[in-house]
file upload19.cif (mmCIF, C-alpha atoms)
data_target
#
loop_
_atom_site.label_atom_id
_atom_site.label_comp_id
_atom_site.auth_asym_id
_atom_site.auth_seq_id
_atom_site.Cartn_x
_atom_site.Cartn_y
_atom_site.Cartn_z
CA MET A 30 -4.29 24.85 -8.18
CA LEU A 31 -2.28 23.66 -11.18
CA ALA A 32 0.84 23.29 -9.03
CA LYS A 33 -1.03 21.03 -6.62
CA PHE A 34 -2.37 18.96 -9.52
CA ALA A 35 1.13 18.66 -10.98
CA LYS A 36 2.59 17.57 -7.65
CA ILE A 37 -0.04 14.94 -7.07
CA TYR A 38 -0.38 13.42 -10.53
CA TRP A 39 2.93 14.12 -12.24
CA ASN A 40 5.10 12.63 -9.50
CA PHE A 41 4.51 9.21 -11.04
CA ARG A 42 7.13 7.50 -13.16
CA LEU A 43 6.47 4.22 -14.92
CA PRO A 44 9.41 1.86 -14.46
CA PRO A 45 10.47 -0.62 -17.10
CA GLY A 46 9.34 -4.21 -16.90
CA LYS A 47 6.21 -6.02 -15.92
CA VAL A 48 4.45 -6.54 -12.61
CA LYS A 49 4.97 -10.08 -11.39
CA LEU A 50 3.40 -9.62 -7.96
CA PHE A 51 0.48 -7.32 -7.06
CA LEU A 52 0.05 -6.54 -3.36
CA SER A 53 -2.32 -4.33 -1.42
CA ASP A 54 -2.82 -3.00 2.06
CA VAL A 55 -6.36 -3.26 3.48
CA ASP A 56 -7.60 -0.47 5.75
CA GLY A 57 -7.74 2.85 3.92
CA VAL A 58 -7.00 1.13 0.59
CA LEU A 59 -9.43 -1.75 0.03
CA THR A 60 -11.72 -0.13 2.63
CA ASP A 61 -12.50 3.49 3.45
CA GLY A 62 -10.44 3.10 6.62
CA GLY A 63 -13.45 3.38 8.89
CA MET A 64 -13.96 1.05 11.81
CA TYR A 65 -17.69 0.51 12.23
CA TYR A 66 -19.24 -1.05 15.33
CA THR A 67 -22.77 -2.13 16.16
CA GLU A 68 -24.34 -1.63 19.59
CA SER A 69 -23.47 -5.23 20.40
CA GLY A 70 -19.80 -4.60 19.55
CA ASP A 71 -19.68 -6.36 16.17
CA GLU A 72 -17.17 -4.80 13.80
CA PHE A 73 -17.77 -4.41 10.09
CA LYS A 74 -16.07 -2.88 7.07
CA LYS A 75 -17.11 -1.97 3.57
CA PHE A 76 -15.10 -3.49 0.72
CA GLN A 77 -15.52 -2.26 -2.86
CA VAL A 78 -16.78 -5.11 -5.07
CA GLN A 79 -15.00 -3.67 -8.12
CA ASP A 80 -11.65 -4.02 -6.33
CA GLY A 81 -12.50 -7.68 -5.80
CA MET A 82 -13.21 -8.15 -9.50
CA GLY A 83 -9.81 -6.61 -10.18
CA PHE A 84 -8.19 -9.47 -8.28
CA VAL A 85 -10.17 -11.91 -10.43
CA LEU A 86 -8.89 -10.17 -13.60
CA LEU A 87 -5.30 -10.31 -12.36
CA HIS A 88 -5.65 -14.02 -11.61
CA GLN A 89 -6.94 -14.55 -15.15
CA LYS A 90 -3.81 -12.83 -16.47
CA GLY A 91 -1.63 -15.11 -14.35
CA VAL A 92 -0.50 -12.35 -11.97
CA THR A 93 0.32 -13.42 -8.43
CA THR A 94 -1.65 -11.38 -5.88
CA GLY A 95 -1.50 -10.79 -2.18
CA ILE A 96 -2.55 -8.79 0.82
CA VAL A 97 -0.11 -7.45 3.42
CA THR A 98 -1.82 -5.73 6.33
CA ALA A 99 -1.00 -4.76 9.89
CA GLU A 100 -4.55 -5.65 10.96
CA ALA A 101 -5.44 -9.20 11.89
CA ARG A 102 -9.23 -9.52 11.74
CA GLU A 103 -11.51 -12.46 10.98
CA LEU A 104 -13.63 -10.36 8.67
CA ASN A 105 -10.53 -9.64 6.55
CA ASP A 106 -9.74 -13.37 6.55
CA ARG A 107 -13.18 -14.15 5.13
CA ARG A 108 -12.92 -11.49 2.41
CA PHE A 109 -9.54 -12.63 1.14
CA GLU A 110 -10.43 -16.29 1.31
CA LYS A 111 -13.33 -15.47 -0.99
CA LEU A 112 -11.04 -13.53 -3.37
CA LYS A 113 -8.55 -16.40 -3.42
CA VAL A 114 -5.51 -14.14 -3.23
CA SER A 115 -2.28 -16.06 -3.64
CA TYR A 116 -0.70 -14.71 -0.43
CA TYR A 117 -2.32 -13.24 2.66
CA TYR A 118 -0.29 -11.80 5.53
CA PRO A 119 -2.48 -10.39 8.32
CA GLY A 120 -0.95 -8.76 11.40
CA GLU A 121 2.25 -7.94 9.51
CA LYS A 122 4.23 -5.18 11.24
CA ASP A 123 7.32 -5.33 8.99
CA LYS A 124 5.84 -5.31 5.50
CA LEU A 125 9.14 -4.71 3.70
CA THR A 126 10.85 -7.74 5.23
CA ARG A 127 7.79 -9.89 4.54
CA VAL A 128 7.71 -8.82 0.88
CA LYS A 129 11.48 -9.24 0.47
CA ASN A 130 11.14 -12.81 1.74
CA LEU A 131 8.21 -13.45 -0.59
CA CYS A 132 10.22 -12.08 -3.53
CA ALA A 133 13.08 -14.44 -2.68
CA GLU A 134 10.62 -17.35 -2.57
CA LEU A 135 9.17 -16.34 -5.96
CA MET A 136 12.63 -15.59 -7.41
CA ILE A 137 11.71 -12.00 -8.32
CA THR A 138 12.92 -8.59 -7.13
CA LEU A 139 11.13 -5.73 -5.40
CA LYS A 140 11.19 -3.92 -8.76
CA ASP A 141 8.72 -6.56 -10.04
CA VAL A 142 6.21 -5.70 -7.31
CA ALA A 143 3.20 -3.37 -7.44
CA PHE A 144 1.99 -2.27 -4.00
CA ILE A 145 -0.79 0.12 -3.03
CA GLY A 146 -0.88 1.58 0.47
CA ASP A 147 -2.02 4.71 2.24
CA ASP A 148 -0.40 5.31 5.63
CA ILE A 149 2.98 5.58 7.31
CA ASN A 150 3.20 1.84 7.98
CA ASP A 151 3.32 1.45 4.17
CA LEU A 152 6.04 4.09 3.67
CA GLU A 153 9.01 1.72 3.68
CA ILE A 154 7.53 -0.87 1.31
CA LEU A 155 6.18 1.79 -1.08
CA SER A 156 9.64 3.39 -1.18
CA HIS A 157 11.22 0.13 -2.38
CA VAL A 158 8.82 -1.52 -4.83
CA GLY A 159 8.95 -0.92 -8.57
CA PHE A 160 5.29 0.04 -8.94
CA PRO A 161 4.07 2.06 -5.91
CA ALA A 162 0.58 3.58 -5.72
CA CYS A 163 -1.80 5.12 -3.21
CA PRO A 164 -5.41 6.33 -3.00
CA THR A 165 -5.99 10.06 -3.30
CA ASN A 166 -6.73 10.29 0.43
CA ALA A 167 -3.39 8.76 1.46
CA ARG A 168 -1.23 10.51 4.04
CA PRO A 169 0.99 13.33 2.69
CA GLU A 170 4.13 11.34 3.55
CA ILE A 171 2.94 8.62 1.19
CA LYS A 172 1.98 11.02 -1.61
CA ASN A 173 5.49 12.49 -1.47
CA ILE A 174 7.26 9.20 -2.21
CA SER A 175 9.30 9.60 -5.36
CA GLY A 176 7.65 7.94 -8.35
CA ILE A 177 4.36 7.04 -6.65
CA LYS A 178 1.14 6.87 -8.68
CA ILE A 179 -1.62 8.70 -6.82
CA MET A 180 -4.99 7.37 -7.84
CA LYS A 181 -7.97 9.67 -8.31
CA ALA A 182 -10.22 7.41 -6.21
CA ARG A 183 -10.23 7.29 -2.44
CA GLY A 184 -9.55 4.15 -0.42
CA GLY A 185 -12.56 1.86 -0.43
CA GLU A 186 -13.95 3.59 -3.51
CA GLY A 187 -12.14 1.73 -6.28
CA ALA A 188 -8.55 3.00 -5.97
CA VAL A 189 -7.18 -0.55 -6.09
CA ARG A 190 -9.21 -1.44 -9.17
CA ASP A 191 -8.12 1.79 -10.87
CA TRP A 192 -4.47 0.87 -10.22
CA MET A 193 -5.05 -2.64 -11.58
CA ASP A 194 -6.84 -1.31 -14.68
CA PHE A 195 -4.07 1.24 -15.24
CA LEU A 196 -1.39 -1.46 -15.20
CA ILE A 197 -3.47 -3.80 -17.39
CA GLY A 198 -4.11 -0.97 -19.88
CA LEU A 199 -0.40 -0.29 -20.17
CA GLY A 200 0.38 -3.96 -20.74
CA ARG A 201 2.48 -4.10 -17.58
CA LEU A 202 0.90 -7.29 -16.27
#
call {"tool": "encode", "arguments": {"input": "upload19.cif", "output": "structure tokens"}}
result
Amino acid sequence: MLAKFAKIYWNFRLPPGKVKLFLSDVDGVLTDGGMYYTESGDEFKKFQVQDGMGFVLLHQKGVTTGIVTAEARELNDRRFEKLKVSYYYPGEKDKLTRVKNLCAELMITLKDVAFIGDDINDLEILSHVGFPACPTNARPEIKNISGIKIMKARGGEGAVRDWMDFLIGLGRL
């Protein structure tokens, strides 16, 4: 049991510097990853309100925020319009290239980026950013990324807010 705990929570290394850009995936991170449908075919998702407040806190600290997700859904559009994230990239299949281009635009490096993701389509970006994190229910391939911070919360249950609070508490924002 202790070995498993050590592997999950002691894999994390805190890099030098401050986070200049905070990015998140959506499904399985800001949501529980479930796809819920009504009898009439309407789709809905549950977003954690505390994660949303985390984005507000980051904005108050002057941190640039964004969402990079492979899914392109109107309900996501509405949520992130409400949160007023600085950058929103729905339907993004090549997250690393997108974030590299954004870093060039912002004149920062990938080492200045915090990203939280949970599945294999996040593997490449999480392997390159300075501040990688994932929910506790992320795929094993993600949890095994060198230096990743594995949150105690599951996706959709405050993992993003916990990551934000952790970085704020350390003065890294």
call {"tool": "atom_distance", "arguments": {"input": "upload19.cif", "atom1": "atom CA of Pro164 of chain A", "atom2": "atom CA of Gly70 of chain A"}}
result
28.9 Å
call {"tool": "closest_residue", "arguments": {"input": "upload19.cif", "among": "A:Ile154, A:Leu196, A:Val58, A:Leu202", "to": "Arg127 of chain A", "atoms": "all atoms listed in the file"}}
result
A:Ile154
call {"tool": "resolve_selection", "arguments": {"input": "upload19.cif", "expression": "the PyMOL selection byres ((chain A and resi 81) around 10)", "output": "ChimeraX atom specification"}}
result
/A:59,76-80,82-86,108-109,111-114,187,189-190
call {"tool": "write_last_selection", "arguments": {"input": "upload19.cif", "atoms": "C-alpha atoms", "output": "CSV table (one decimal), keeping the file's coordinate frame"}}
result
chain,number,residue,atom,x,y,z
A,59,LEU,CA,-9.4,-1.8,0.0
A,76,PHE,CA,-15.1,-3.5,0.7
A,77,GLN,CA,-15.5,-2.3,-2.9
A,78,VAL,CA,-16.8,-5.1,-5.1
A,79,GLN,CA,-15.0,-3.7,-8.1
A,80,ASP,CA,-11.6,-4.0,-6.3
A,82,MET,CA,-13.2,-8.2,-9.5
A,83,GLY,CA,-9.8,-6.6,-10.2
A,84,PHE,CA,-8.2,-9.5,-8.3
A,85,VAL,CA,-10.2,-11.9,-10.4
A,86,LEU,CA,-8.9,-10.2,-13.6
A,108,ARG,CA,-12.9,-11.5,2.4
A,109,PHE,CA,-9.5,-12.6,1.1
A,111,LYS,CA,-13.3,-15.5,-1.0
A,112,LEU,CA,-11.0,-13.5,-3.4
A,113,LYS,CA,-8.6,-16.4,-3.4
A,114,VAL,CA,-5.5,-14.1,-3.2
A,187,GLY,CA,-12.1,1.7,-6.3
A,189,VAL,CA,-7.2,-0.6,-6.1
A,190,ARG,CA,-9.2,-1.4,-9.2
call {"tool": "residues_around", "arguments": {"input": "upload19.cif", "residues": "Lys74 of chain A", "least_positions_apart": "2", "cutoff": "8 Å", "atoms": "all atoms listed in the file", "output": "ChimeraX atom specification"}}
result
/A:60,63-65,72,76
call {"tool": "closest_residue", "arguments": {"input": "upload19.cif", "among": "A:Cys132, A:Ile179, A:Val92, A:Cys163", "to": "Lys47 of chain A", "atoms": "all atoms listed in the file"}}
result
A:Val92
call {"tool": "atom_distance", "arguments": {"input": "upload19.cif", "atom1": "atom CA of Phe51 of chain A", "atom2": "atom CA of Phe73 of chain A"}}
result
25.2 Å
call {"tool": "residues_near_point", "arguments": {"input": "upload19.cif", "point": "(-3.4, 11.4, -3.2)", "cutoff": "10 Å", "atoms": "all atoms listed in the file", "output": "list of chain:residue names"}}
result
A:Phe34, A:Lys36, A:Ile37, A:Tyr38, A:Asp147, A:Ala162, A:Cys163, A:Pro164, A:Thr165, A:Asn166, A:Ala167, A:Arg168, A:Pro169, A:Ile171, A:Lys172, A:Asn173, A:Ile177, A:Lys178, A:Ile179, A:Met180, A:Lys181, A:Ala182, A:Arg183, A:Gly184
call {"tool": "residues_near_point", "arguments": {"input": "upload19.cif", "point": "(4.9, -7.0, 8.9)", "cutoff": "12 Å", "atoms": "only C-alpha atoms", "output": "list in words"}}
result
Asp54, Ile96, Val97, Thr98, Ala99, Glu100, Ala101, Tyr117, Tyr118, Pro119, Gly120, Glu121, Lys122, Asp123, Lys124, Leu125, Thr126, Arg127, Val128, Lys129, Asn130, Leu131, Asn150, Asp151, Glu153 and Ile154 of chain A
call {"tool": "write_last_selection", "arguments": {"input": "upload19.cif", "atoms": "C-alpha atoms", "output": "short mmCIF file (atom, residue, chain, number, x, y, z; two decimals), keeping the file's coordinate frame"}}
result
data_model
loop_
_atom_site.label_atom_id
_atom_site.label_comp_id
_atom_site.auth_asym_id
_atom_site.auth_seq_id
_atom_site.Cartn_x
_atom_site.Cartn_y
_atom_site.Cartn_z
CA ASP A 54 -2.82 -3.00 2.06
CA ILE A 96 -2.55 -8.79 0.82
CA VAL A 97 -0.11 -7.45 3.42
CA THR A 98 -1.82 -5.73 6.33
CA ALA A 99 -1.00 -4.76 9.89
CA GLU A 100 -4.55 -5.65 10.96
CA ALA A 101 -5.44 -9.20 11.89
CA TYR A 117 -2.32 -13.24 2.66
CA TYR A 118 -0.29 -11.80 5.53
CA PRO A 119 -2.48 -10.39 8.32
CA GLY A 120 -0.95 -8.76 11.40
CA GLU A 121 2.25 -7.94 9.51
CA LYS A 122 4.23 -5.18 11.24
CA ASP A 123 7.32 -5.33 8.99
CA LYS A 124 5.84 -5.31 5.50
CA LEU A 125 9.14 -4.71 3.70
CA THR A 126 10.85 -7.74 5.23
CA ARG A 127 7.79 -9.89 4.54
CA VAL A 128 7.71 -8.82 0.88
CA LYS A 129 11.48 -9.24 0.47
CA ASN A 130 11.14 -12.81 1.74
CA LEU A 131 8.21 -13.45 -0.59
CA ASN A 150 3.20 1.84 7.98
CA ASP A 151 3.32 1.45 4.17
CA GLU A 153 9.01 1.72 3.68
CA ILE A 154 7.53 -0.87 1.31
#
call {"tool": "closest_residue", "arguments": {"input": "upload19.cif", "among": "A:Asp194, A:Glu110, A:Asp141, A:Glu134", "to": "Leu52 of chain A", "atoms": "only C-alpha atoms"}}
result
A:Asp141
call {"tool": "closest_residue", "arguments": {"input": "upload19.cif", "among": "A:Gly159, A:Gly198, A:Gly91, A:Gly146", "to": "Ser175 of chain A", "atoms": "only C-alpha atoms"}}
result
A:Gly159
call {"tool": "atom_distance", "arguments": {"input": "upload19.cif", "atom1": "atom CA of Gly95 of chain A", "atom2": "atom CA of Met193 of chain A"}}
result
12.9 Å
call {"tool": "closest_residue", "arguments": {"input": "upload19.cif", "among": "A:Ser53, A:Thr94, A:Ser69, A:Ser156", "to": "Ile174 of chain A", "atoms": "all atoms listed in the file"}}
result
A:Ser156
call {"tool": "closest_residue", "arguments": {"input": "upload19.cif", "among": "A:Leu155, A:Ala188, A:Ile197, A:Val142", "to": "Val48 of chain A", "atoms": "all atoms listed in the file"}}
result
A:Val142
call {"tool": "decode", "arguments": {"input": "upload19.cif", "residues": "segment 40-191 of chain A", "atoms": "C-alpha atoms", "output": "compact mmCIF listing (two decimals), in the first residue's frame"}}
result
# COMPACT_ATOMS: atom_id res chain seq x y z
CA ASN A 40 6.25 11.31 -8.49
CA PHE A 41 5.61 15.06 -8.47
CA ARG A 42 8.44 17.56 -8.77
CA LEU A 43 7.86 21.28 -8.49
CA PRO A 44 9.78 23.12 -11.20
CA PRO A 45 11.26 26.56 -10.69
CA GLY A 46 9.41 29.62 -11.85
CA LYS A 47 5.83 30.76 -11.94
CA VAL A 48 2.81 29.65 -13.94
CA LYS A 49 2.02 32.17 -16.63
CA LEU A 50 -0.68 30.14 -18.38
CA PHE A 51 -3.13 27.71 -16.76
CA LEU A 52 -4.86 25.26 -19.11
CA SER A 53 -7.28 22.41 -18.59
CA ASP A 54 -8.85 19.59 -20.51
CA VAL A 55 -12.63 19.16 -20.09
CA ASP A 56 -14.05 15.63 -20.10
CA GLY A 57 -12.71 13.59 -17.20
CA VAL A 58 -11.08 16.68 -15.67
CA LEU A 59 -13.63 19.49 -15.34
CA THR A 60 -16.37 16.85 -15.62
CA ASP A 61 -16.61 13.28 -14.37
CA GLY A 62 -16.16 12.09 -17.94
CA GLY A 63 -19.70 10.78 -18.21
CA MET A 64 -21.84 11.44 -21.25
CA TYR A 65 -25.44 11.74 -20.08
CA TYR A 66 -28.41 11.64 -22.45
CA THR A 67 -32.11 12.21 -21.93
CA GLU A 68 -34.79 10.15 -23.66
CA SER A 69 -35.13 12.91 -26.22
CA GLY A 70 -31.39 12.75 -26.99
CA ASP A 71 -30.29 15.90 -25.16
CA GLU A 72 -26.76 15.65 -23.81
CA PHE A 73 -25.70 17.08 -20.47
CA LYS A 74 -22.62 17.17 -18.25
CA LYS A 75 -21.93 18.04 -14.66
CA PHE A 76 -19.31 20.73 -14.01
CA GLN A 77 -17.96 21.35 -10.51
CA VAL A 78 -18.79 24.92 -9.42
CA GLN A 79 -15.66 25.10 -7.25
CA ASP A 80 -13.49 24.53 -10.33
CA GLY A 81 -15.25 27.50 -11.92
CA MET A 82 -14.47 29.68 -8.91
CA GLY A 83 -10.84 28.63 -9.28
CA PHE A 84 -10.80 30.24 -12.73
CA VAL A 85 -12.20 33.42 -11.18
CA LEU A 86 -9.41 33.39 -8.56
CA LEU A 87 -6.75 32.90 -11.24
CA HIS A 88 -8.16 35.81 -13.24
CA GLN A 89 -7.99 37.97 -10.11
CA LYS A 90 -4.30 37.07 -9.80
CA GLY A 91 -3.72 38.04 -13.43
CA VAL A 92 -3.09 34.48 -14.63
CA THR A 93 -4.04 33.73 -18.22
CA THR A 94 -6.38 30.73 -18.43
CA GLY A 95 -7.63 28.44 -21.13
CA ILE A 96 -9.36 25.26 -22.13
CA VAL A 97 -7.96 22.84 -24.71
CA THR A 98 -10.29 19.94 -25.45
CA ALA A 99 -10.80 17.38 -28.19
CA GLU A 100 -14.58 17.68 -27.77
CA ALA A 101 -16.52 20.37 -29.59
CA ARG A 102 -19.89 20.73 -27.87
CA GLU A 103 -22.23 23.70 -27.47
CA LEU A 104 -22.72 22.96 -23.80
CA ASN A 105 -18.95 23.32 -23.28
CA ASP A 106 -19.06 26.59 -25.23
CA ARG A 107 -21.69 27.98 -22.87
CA ARG A 108 -19.78 26.94 -19.74
CA PHE A 109 -16.51 28.53 -20.79
CA GLU A 110 -18.16 31.67 -22.07
CA LYS A 111 -19.62 32.06 -18.59
CA LEU A 112 -16.20 31.47 -16.97
CA LYS A 113 -14.59 34.01 -19.30
CA VAL A 114 -11.48 31.92 -19.88
CA SER A 115 -8.86 33.78 -21.87
CA TYR A 116 -8.48 31.05 -24.52
CA TYR A 117 -10.86 28.29 -25.55
CA TYR A 118 -9.91 25.65 -28.11
CA PRO A 119 -12.69 23.09 -28.68
CA GLY A 120 -12.24 20.18 -31.09
CA GLU A 121 -8.45 20.35 -30.74
CA LYS A 122 -6.81 17.08 -31.83
CA ASP A 123 -3.18 18.27 -31.56
CA LYS A 124 -3.06 19.93 -28.15
CA LEU A 125 0.73 20.24 -28.02
CA THR A 126 0.97 22.16 -31.29
CA ARG A 127 -1.93 24.40 -30.25
CA VAL A 128 -0.28 25.21 -26.91
CA LYS A 129 3.15 25.75 -28.51
CA ASN A 130 1.55 28.28 -30.86
CA LEU A 131 -0.23 29.97 -27.97
CA CYS A 132 3.04 30.15 -26.02
CA ALA A 133 4.73 31.81 -29.00
CA GLU A 134 1.88 34.32 -29.20
CA LEU A 135 2.19 35.06 -25.46
CA MET A 136 6.01 35.07 -25.60
CA ILE A 137 6.33 32.36 -22.94
CA THR A 138 7.65 28.79 -22.97
CA LEU A 139 5.98 25.46 -22.28
CA LYS A 140 7.79 25.48 -18.92
CA ASP A 141 5.55 28.42 -17.91
CA VAL A 142 2.40 26.37 -18.52
CA ALA A 143 0.28 24.41 -16.04
CA PHE A 144 -1.95 21.80 -17.69
CA ILE A 145 -4.31 19.26 -16.14
CA GLY A 146 -5.50 16.31 -18.21
CA ASP A 147 -6.56 12.72 -17.74
CA ASP A 148 -6.38 10.56 -20.86
CA ILE A 149 -3.99 9.50 -23.61
CA ASN A 150 -4.88 12.47 -25.83
CA ASP A 151 -3.31 14.63 -23.08
CA LEU A 152 -0.12 12.54 -22.82
CA GLU A 153 2.00 14.60 -25.20
CA ILE A 154 1.09 18.01 -23.78
CA LEU A 155 1.44 16.82 -20.17
CA SER A 156 4.90 15.44 -21.00
CA HIS A 157 6.09 18.87 -22.18
CA VAL A 158 4.60 21.50 -19.87
CA GLY A 159 6.37 22.76 -16.76
CA PHE A 160 3.48 22.11 -14.38
CA PRO A 161 1.60 18.90 -15.32
CA ALA A 162 -1.25 17.49 -13.21
CA CYS A 163 -4.05 14.96 -13.41
CA PRO A 164 -7.08 13.82 -11.40
CA THR A 165 -6.67 10.68 -9.31
CA ASN A 166 -8.80 8.70 -11.78
CA ALA A 167 -6.59 9.54 -14.77
CA ARG A 168 -5.34 6.76 -17.03
CA PRO A 169 -2.21 4.91 -15.80
CA GLU A 170 -0.21 6.23 -18.77
CA ILE A 171 -0.89 9.75 -17.54
CA LYS A 172 -0.08 8.98 -13.89
CA ASN A 173 3.29 7.61 -14.99
CA ILE A 174 4.46 10.85 -16.63
CA SER A 175 7.64 11.98 -14.94
CA GLY A 176 7.03 14.88 -12.56
CA ILE A 177 3.23 14.87 -12.75
CA LYS A 178 1.16 16.01 -9.76
CA ILE A 179 -1.66 13.53 -9.16
CA MET A 180 -4.51 15.21 -7.38
CA LYS A 181 -6.47 13.42 -4.66
CA ALA A 182 -9.81 14.42 -6.23
CA ARG A 183 -11.38 12.73 -9.21
CA GLY A 184 -12.27 14.52 -12.42
CA GLY A 185 -15.44 16.56 -12.01
CA GLU A 186 -15.04 16.51 -8.23
CA GLY A 187 -12.71 19.46 -7.71
CA ALA A 188 -9.37 18.18 -9.05
CA VAL A 189 -8.87 21.34 -11.11
CA ARG A 190 -9.61 23.61 -8.15
CA ASP A 191 -7.26 21.57 -5.95
